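Engineer: Handing you this structure, nothing more for now.
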Amino acid sequence: MTNSLQTSPTRADSAPTGPVRPRPSQVVQSIFRKAGALPALLLVLIVGTSLSPFFLTVDNVRNVLSLASIIGLLAVGQGFVIIAGGAGIDLSIGATLALASIIGAKFAPYGPWAIVAAALVTGLFVGAINGLGVAFARLQPFIITLGTMTIATGAAYYISGSNPIRLSGENALPLLTDSFFGIPTAVILFFVIIVIGHIVMSKTVFGRQIYVTGGNEEAAVFAGIPVARRRLAVYMISGFCAGLGALVLMARLETADPAYGSTYALASIAAVVVGGAPLTGGVGTIRGVAIGVLIIQFISNILDLLNVNSYIQAMIQGLILIAVVALNRQGGDSAVSSLKRALPLVIGLAIGALFVFGIRW
Amino acid sequence: MNDFHIEVSMAERPNDRAARPEAAVDPSAVLALRNISKRYPGVLALSDVDFTLYPGTVHAISGENGAGKSTLSKVLSGIIQPDAGRIFVDSQPVTIPTPTEARRLGISAVPQELSLVPDLSVAENIGVIALPSRGGFVSRRALRAQAEPVLHSLGLKIDPLSRLGDHSPGIQQLVMIGRSLVHQARVIILDEPTAALTEPEVRHLFEVVKRERETGTAFVLVSHRFQDLARLADTVTVLRDGCHIITSPMAELTHDDMVRAMVGRTVERFVHDAQVAPGADTEVKDGGSRPRLSVRHLSSAGKFDNVSFDVRPGEIVGLGGLLGAGRTEVARAVFGVDGFTSGEVFIDGEKARITSPRKAIKAGLMMVPEERKSQALVLSMSIRQNLTSTGTRRISRGGWLRPRKERDISLQLIQQLGIKATGPEVLVGTLSGGNQQKVVIGRCFLDDFSVYIFDEPTRGVDINAKFQIYRLINSLAKKGAGVLLISSELPELLAVADRILVMREGRLVADLPADTATEEQILSSAMV
């Protein structure tokens, strides 16, 4: 479009239009909207640094990023599914990881690339089943992925005879255990996937169509977006990410285990939500998802460094998830009123905490 | 093409009248409204309306779509609050802040969309407002005892413990009335009660209403079906544009009187200049006389039947009719949202196989759907993203978005359409209805489509935005496209369209040239 069109005459009686100067409060709001969960991550880093001198060392950060990379890969896939809306959720993502690792390990005799191919194809296949169920058979995402989760877990145990499979020597995945310039390959892979995911969501037609579909499915249909095919695609992306996660985990532990990943589905969902993508869909970014992963991982690291009992850690992680979601609630009401509405919840949680610690004494 | 003027005769504008003194309330009236007004952003839904209801009568409220019928019934049932005016029950001034309070006052509503639970039993649905219980447990025997006399007085011989969803819409409607009977409602509001019913069911419903009327119950019948009014109503009140037009005994009104009362707008009139023959003044791209859109014998079971029409280049064809006549259904079928049973659609003379909106857009069709919030916009996205969501082809190359191009196009559209906003990044959810609608219509300008379908493009939009939208629609036709305009506002059809098709109960019943058609003509062919 050229500039000449911008100055095309408007009718005299049409209302004055065009850019009006935004109010300062709107500017502040839009900065906060763009920043998303970043301030929360910075806060976590500041708190961590002040609590432990070891926190901001190269070794510790590398350790945290390594741990974050697997859950991070899954969270990117989960992010696509959740942003695409329609109550989208992939509960099977952890079980898919386990199945991909077992099937990958079965292909170990044909060399490392066979492992890679088998794990990724397995991920894509389970993702495709989920996608077909959601997009074409119109099943509720929660139900279909609960089903495939159960199936994939069963299949992983069945194929492996419920024994972990060792990968060593020629069968290992050396590439993924290397590091470049001191950065583990897994971490590099995590960042590459984040960057690709972010570019796909923000710079391509495909990504835009995912947002429209997630924001308003009926409007997407009227806008001529192939909603069913896009839904299929996001579940396949999620499965693919599970396959990548399987490879990283196998390389690190030199083992494929059908017990992998039982906690990963919920952890990836938590990371997506903490990263600012509500389960209602249509909102959020892959960058935000990555920040969500880092927030959760760094908090857990801080608690480790402070030698907090791991069960108490679990409770704290849960509280943080609730707190982040309560504070992030969209709806445009003021912080004061949202705090006021959260008060009964806070009191309830406090009573629960008193009870838990009281009983322990 | 058409040009628009507004003639506003201030003297006749009822809402500008000096405050009218409140009329006295007849002590025998069970319910009376005095000087009730209700304003929504951009529309005055009710303006200074009086309404008096006597026990043992059926008082109908009638009027065109959007005349204020539903608003009035919602005021009575406590769903919305009037901005001004007083409500009297048994001559005592009351307020009705909630449906619960309405029920306490003896006013019960049977809404158009039935608020029943299909998976519960008939008896539970009848008693749902106050389930007979002992210590929190619902007693089946008490339920049955409560429901049986009600079902008897409704003339229904069904098992009170059978699942409600297994019964026909007619029976469900009666069950809804039964709910009012349990609570000994003295005023029962029926909102378009016959819309989903078959003729025997209607007859049964009317019998029940007449019997209850004998016992002194007063009914408010909201309907635009002349048949219903003639068969059931004792008194009728006609509303138009939120104003009270006439209240008269039904026996003294003829069909023509009713139609005249329902149309005959004085508040504003659109006058269009002598029309240029369609297609004559247009820059037609290819060939000319071939219709942009041809629909042949289009049928869809239960929705519409054997619909055929053409839209020629440069022509704006209006599609009128009452709610539920099948207009939107035809548009949705043509645009590929819903399928159809038989028939053919041609675009620019070529048979189009449209099975999805995606294929429709590829074939050169663009539609502005009826509900902008649920069907057209993503409220959590910006104006820019909403403007371009149908036309990613224009703002991308090889699957990659081109941000600068997208921004330029959206800035230009914001300017061209007169969208009031601080910039293209403003979230659509924060805009007013009129501006949101302009965003939806803006998509029509992304590309040169052959055919545009507008479904109620000015619903809930203020008068200024309305005229801007008319002008935009006109400019599309001027470029040589064919336009199909669905509207429930007769003046809008008369002002904007070149030709007006009228649908009634799924069939095309009239094809009127706009320059000679009158509102009376359209309405009387639209009404049964």
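How things are named: the first chain in the structure tokens is A, the next is B, and so on; residues count from 1 in each chain; ligands count from 1 in the order shown.
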Applying 10 Å and only C-alpha atoms, which residues near Ile143 in chain A remain after dropping the ones on its own chain fewer than 2 positions away? List them as a compact mmCIF listing (two decimals) with C-alpha atoms, in the first residue's frame.
Structural biologist:
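New file result38.txt:
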# COMPACT_ATOMS: atom_id res chain seq x y z
CA ILE A 89 -4.25 -29.33 26.07
CA ASP A 90 -1.84 -32.20 25.52
CA LEU A 91 -1.82 -34.51 28.53
CA ASN A 130 -4.30 -36.50 19.06
CA GLY A 133 -9.12 -36.91 17.37
CA VAL A 134 -9.50 -33.24 18.22
CA LEU A 139 -13.24 -35.20 20.74
CA GLN A 140 -12.45 -33.01 23.71
CA PRO A 141 -8.67 -32.47 23.86
CA THR A 145 -4.98 -36.89 25.11
CA LEU A 146 -5.84 -38.63 28.37
CA GLY A 147 -6.59 -41.67 26.24
CA THR A 148 -3.40 -41.49 24.17
CA MET A 149 -1.43 -40.83 27.36
Engineer: For chain B, list the residues within 8 Å of chain A, counting only C-alpha atoms, and write the list as a PyMOL selection string.
Structural biologist: chain B and resi 337+356-361+367+369+374-381+389-390+392+396+399-402+405+408-409+411-412+414-416+418-423+464+468
Engineer: Go ahead and dump the residues you just picked, C-alpha atoms, as a CSV table (one decimal), in the first residue's frame.
Structural biologist:
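Writing the result to result13.csv gives the following:
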chain,number,residue,atom,x,y,z
B,337,VAL,CA,-20.5,-22.4,6.7
B,356,SER,CA,-16.1,-24.1,3.5
B,357,PRO,CA,-15.7,-20.4,4.0
B,358,ARG,CA,-12.1,-20.9,2.9
B,359,LYS,CA,-13.3,-22.1,-0.5
B,360,ALA,CA,-15.9,-19.3,-0.7
B,361,ILE,CA,-13.2,-16.7,-0.1
B,367,MET,CA,-19.3,-12.3,4.1
B,369,PRO,CA,-21.5,-12.3,9.5
B,374,SER,CA,-18.7,-14.2,18.2
B,375,GLN,CA,-18.3,-14.8,14.5
B,376,ALA,CA,-16.1,-12.1,13.1
B,377,LEU,CA,-13.7,-10.6,15.6
B,378,VAL,CA,-11.0,-11.9,17.9
B,379,LEU,CA,-11.4,-9.4,20.8
B,380,SER,CA,-8.1,-10.2,22.3
B,381,MET,CA,-6.3,-9.1,19.1
B,389,SER,CA,-7.2,-12.0,9.4
B,390,THR,CA,-9.2,-12.9,6.3
B,392,THR,CA,-3.3,-13.0,4.9
B,396,SER,CA,2.4,-12.2,3.3
B,399,GLY,CA,3.9,-17.9,4.2
B,400,TRP,CA,5.9,-15.0,5.9
B,401,LEU,CA,4.0,-12.0,7.2
B,402,ARG,CA,5.2,-8.6,6.0
B,405,LYS,CA,2.9,-3.9,4.6
B,408,ASP,CA,0.4,0.3,6.0
B,409,ILE,CA,-2.7,-1.5,4.9
B,411,LEU,CA,-3.5,2.3,8.8
B,412,GLN,CA,-5.0,3.0,5.4
B,414,ILE,CA,-8.5,2.8,9.6
B,415,GLN,CA,-8.4,6.1,7.7
B,416,GLN,CA,-10.7,5.0,4.9
B,418,GLY,CA,-13.2,6.1,9.8
B,419,ILE,CA,-12.4,3.8,12.7
B,420,LYS,CA,-12.0,5.8,15.8
B,421,ALA,CA,-8.9,4.5,17.7
B,422,THR,CA,-5.6,5.6,18.9
B,423,GLY,CA,-3.8,3.4,16.5
B,464,ASN,CA,-23.6,8.1,12.3
B,468,GLN,CA,-20.8,5.4,7.0
Engineer: When distances are computed from only C-alpha atoms, which of B:Glu425, B:Glu329, B:Asp234, B:Asp338 shows the smallest separation from Arg213 in chain B?
Structural biologist: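 The shortest atom-to-atom distance to Arg213 in chain B comes from B:Asp234.
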Engineer: To test your reading of the structure, identify every residue in range 43-287 of chain A that backbone DSSP assigns to helix (DSSP H, G or I), and report it as a VMD selection string.
Structural biologist: chain A and resid 43 to 51 58 to 83 93 to 106 108 to 110 112 to 136 141 to 160 169 to 171 174 to 177 185 to 203 205 to 215 217 to 222 227 to 253 264 to 274 286 to 287
Engineer: Looking at only C-alpha atoms, which of A:Gly318, A:Pro53, A:Gly94, A:Gly77 is the one that sits closest to Ala246 in chain A?
Structural biologist: A:Gly94
Engineer: When you count only C-alpha atoms, which of these residues is closest to Glu489 in chain B: B:Leu523, B:Ala301, B:Ala84, B:Leu154?
Structural biologist: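 The closest residue to Glu489 in chain B is B:Leu523.
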Engineer: When you look at Pro457 in chain B with a cut-off of 12 Å (counting only C-alpha atoms), what residues show up, excluding the ones that are within fewer than 2 positions of it in the same chain? I need them as a PyMOL selection string.
Structural biologist: chain B and resi 318+367-372+376+433-442+452-455+459-462+465-470+472-473+484-489+492-493+496
Engineer: Would you export the selected residues with N, CA and C atoms as a compact mmCIF listing (two decimals), in the first residue's frame, please?
Structural biologist:
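Final output, saved to result_17.txt:
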# COMPACT_ATOMS: atom_id res chain seq x y z
N GLY B 318 -31.30 -6.57 -1.52
CA GLY B 318 -31.68 -6.67 -0.13
C GLY B 318 -32.42 -7.97 0.11
N MET B 367 -18.04 -12.51 3.32
CA MET B 367 -19.25 -12.35 4.12
C MET B 367 -18.95 -11.63 5.42
N VAL B 368 -19.82 -10.68 5.75
CA VAL B 368 -19.78 -10.04 7.06
C VAL B 368 -20.88 -10.69 7.89
N PRO B 369 -20.49 -11.54 8.85
CA PRO B 369 -21.53 -12.31 9.54
C PRO B 369 -22.35 -11.48 10.52
N GLU B 370 -23.41 -12.12 10.98
CA GLU B 370 -24.43 -11.47 11.79
C GLU B 370 -23.89 -11.00 13.14
N GLU B 371 -23.13 -11.87 13.80
CA GLU B 371 -22.68 -11.57 15.16
C GLU B 371 -21.22 -11.18 15.13
N ARG B 372 -20.95 -9.89 15.27
CA ARG B 372 -19.56 -9.51 15.06
C ARG B 372 -18.65 -10.05 16.15
N ALA B 376 -16.96 -12.83 14.00
CA ALA B 376 -16.08 -12.09 13.10
C ALA B 376 -14.78 -11.63 13.75
N GLY B 433 -19.19 -0.58 19.54
CA GLY B 433 -19.81 -1.49 18.57
C GLY B 433 -19.66 -1.03 17.13
N GLY B 434 -19.89 0.25 16.90
CA GLY B 434 -19.81 0.78 15.55
C GLY B 434 -18.41 0.63 14.97
N ASN B 435 -17.42 0.93 15.80
CA ASN B 435 -16.05 0.83 15.32
C ASN B 435 -15.63 -0.62 15.12
N GLN B 436 -16.12 -1.50 16.00
CA GLN B 436 -15.84 -2.92 15.79
C GLN B 436 -16.42 -3.37 14.45
N GLN B 437 -17.65 -2.94 14.17
CA GLN B 437 -18.29 -3.35 12.93
C GLN B 437 -17.51 -2.84 11.73
N LYS B 438 -16.96 -1.61 11.86
CA LYS B 438 -16.17 -1.08 10.75
C LYS B 438 -14.92 -1.92 10.52
N VAL B 439 -14.35 -2.44 11.60
CA VAL B 439 -13.19 -3.32 11.44
C VAL B 439 -13.57 -4.55 10.63
N VAL B 440 -14.75 -5.12 10.96
CA VAL B 440 -15.19 -6.31 10.23
C VAL B 440 -15.39 -5.97 8.76
N ILE B 441 -16.05 -4.81 8.52
CA ILE B 441 -16.33 -4.43 7.14
C ILE B 441 -15.05 -4.07 6.41
N GLY B 442 -14.07 -3.59 7.16
CA GLY B 442 -12.79 -3.24 6.56
C GLY B 442 -12.16 -4.39 5.78
N TYR B 452 -20.24 -9.74 -2.15
CA TYR B 452 -20.18 -9.48 -0.73
C TYR B 452 -21.54 -9.81 -0.12
N ILE B 453 -21.51 -10.51 1.01
CA ILE B 453 -22.75 -10.77 1.74
C ILE B 453 -22.67 -10.05 3.07
N PHE B 454 -23.62 -9.19 3.33
CA PHE B 454 -23.67 -8.50 4.62
C PHE B 454 -24.88 -8.99 5.39
N ASP B 455 -24.65 -9.53 6.58
CA ASP B 455 -25.76 -10.00 7.40
C ASP B 455 -25.94 -9.03 8.56
N ARG B 459 -26.41 -3.69 12.86
CA ARG B 459 -27.07 -4.00 14.14
C ARG B 459 -26.26 -3.43 15.30
N GLY B 460 -26.95 -2.74 16.20
CA GLY B 460 -26.30 -2.20 17.38
C GLY B 460 -25.26 -1.13 17.09
N VAL B 461 -25.47 -0.40 16.01
CA VAL B 461 -24.50 0.60 15.59
C VAL B 461 -25.20 1.94 15.59
N ASP B 462 -24.51 3.00 16.00
CA ASP B 462 -25.20 4.28 16.08
C ASP B 462 -25.44 4.87 14.69
N ALA B 465 -22.48 5.95 12.37
CA ALA B 465 -21.73 4.81 11.82
C ALA B 465 -22.57 4.09 10.78
N LYS B 466 -23.89 4.05 11.00
CA LYS B 466 -24.78 3.41 10.03
C LYS B 466 -24.59 3.99 8.65
N PHE B 467 -24.62 5.31 8.59
CA PHE B 467 -24.52 5.95 7.29
C PHE B 467 -23.16 5.73 6.66
N GLN B 468 -22.13 5.72 7.51
CA GLN B 468 -20.80 5.43 6.96
C GLN B 468 -20.77 4.02 6.39
N ILE B 469 -21.43 3.09 7.07
CA ILE B 469 -21.44 1.71 6.59
C ILE B 469 -22.22 1.60 5.27
N TYR B 470 -23.36 2.31 5.18
CA TYR B 470 -24.10 2.31 3.92
C TYR B 470 -23.22 2.78 2.77
N LEU B 472 -19.99 2.68 2.57
CA LEU B 472 -18.96 1.68 2.25
C LEU B 472 -19.54 0.55 1.40
N ILE B 473 -20.75 0.13 1.78
CA ILE B 473 -21.39 -0.94 1.01
C ILE B 473 -21.62 -0.47 -0.42
N LEU B 484 -25.16 -8.74 -1.48
CA LEU B 484 -26.39 -9.27 -0.90
C LEU B 484 -26.47 -8.73 0.52
N LEU B 485 -27.52 -7.98 0.82
CA LEU B 485 -27.64 -7.31 2.11
C LEU B 485 -28.84 -7.88 2.87
N ILE B 486 -28.54 -8.56 3.98
CA ILE B 486 -29.61 -9.07 4.82
C ILE B 486 -29.88 -8.03 5.90
N SER B 487 -31.12 -7.62 6.04
CA SER B 487 -31.40 -6.64 7.08
C SER B 487 -32.81 -6.80 7.58
N SER B 488 -32.99 -6.57 8.88
CA SER B 488 -34.32 -6.59 9.45
C SER B 488 -34.90 -5.19 9.52
N GLU B 489 -34.10 -4.20 9.13
CA GLU B 489 -34.59 -2.83 9.18
C GLU B 489 -35.09 -2.44 7.80
N GLU B 492 -33.65 0.57 6.01
CA GLU B 492 -32.30 0.29 5.53
C GLU B 492 -32.34 -0.42 4.19
N LEU B 493 -33.21 -1.42 4.09
CA LEU B 493 -33.34 -2.14 2.82
C LEU B 493 -33.78 -1.18 1.72
N VAL B 496 -30.81 1.34 0.84
CA VAL B 496 -29.53 0.86 0.34
C VAL B 496 -29.68 -0.06 -0.86
Engineer: Would you mind telling me which residue in A:Leu266, A:Ile299, A:Leu343, A:Val116 lies nearest to Leu42 in chain A when using only C-alpha atoms?
Structural biologist: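 Using only C-alpha atoms, the shortest distance to Leu42 in chain A belongs to A:Ile299.
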Engineer: May I have the residues within 12 Å of Leu298 in chain B as a list in words, using only C-alpha atoms and disregarding those fewer than 5 positions away in the same chain?
Structural biologist: Lys303, Phe304, Asp305, Asn306, Val307, Ser308, Phe309, Gly326, Glu329, Val330, Ala331, Arg332, Ala333, Val334, Gly339, Phe340, Thr341, Ser342, Gly343, Glu344, Val345, Phe346, Gly506, Arg507 and Leu508 of chain B
Engineer: Tell me which protein, DNA and RNA residues are within 8 Å of Val248 in chain A, counting only C-alpha atoms, leaving out same-chain ones fewer than 4 positions away, and put them as a list in words.
Structural biologist: Ile70, Leu176, Ala186, Leu244 and Arg252 of chain A
Engineer: Give me, please, the distance in Å between CA of Leu44 in chain B and CA of Gly429 in chain B, quoted to one decimal.
Structural biologist: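 Between CA of Leu44 in chain B and CA of Gly429 in chain B the gap works out to 22.7 Å.
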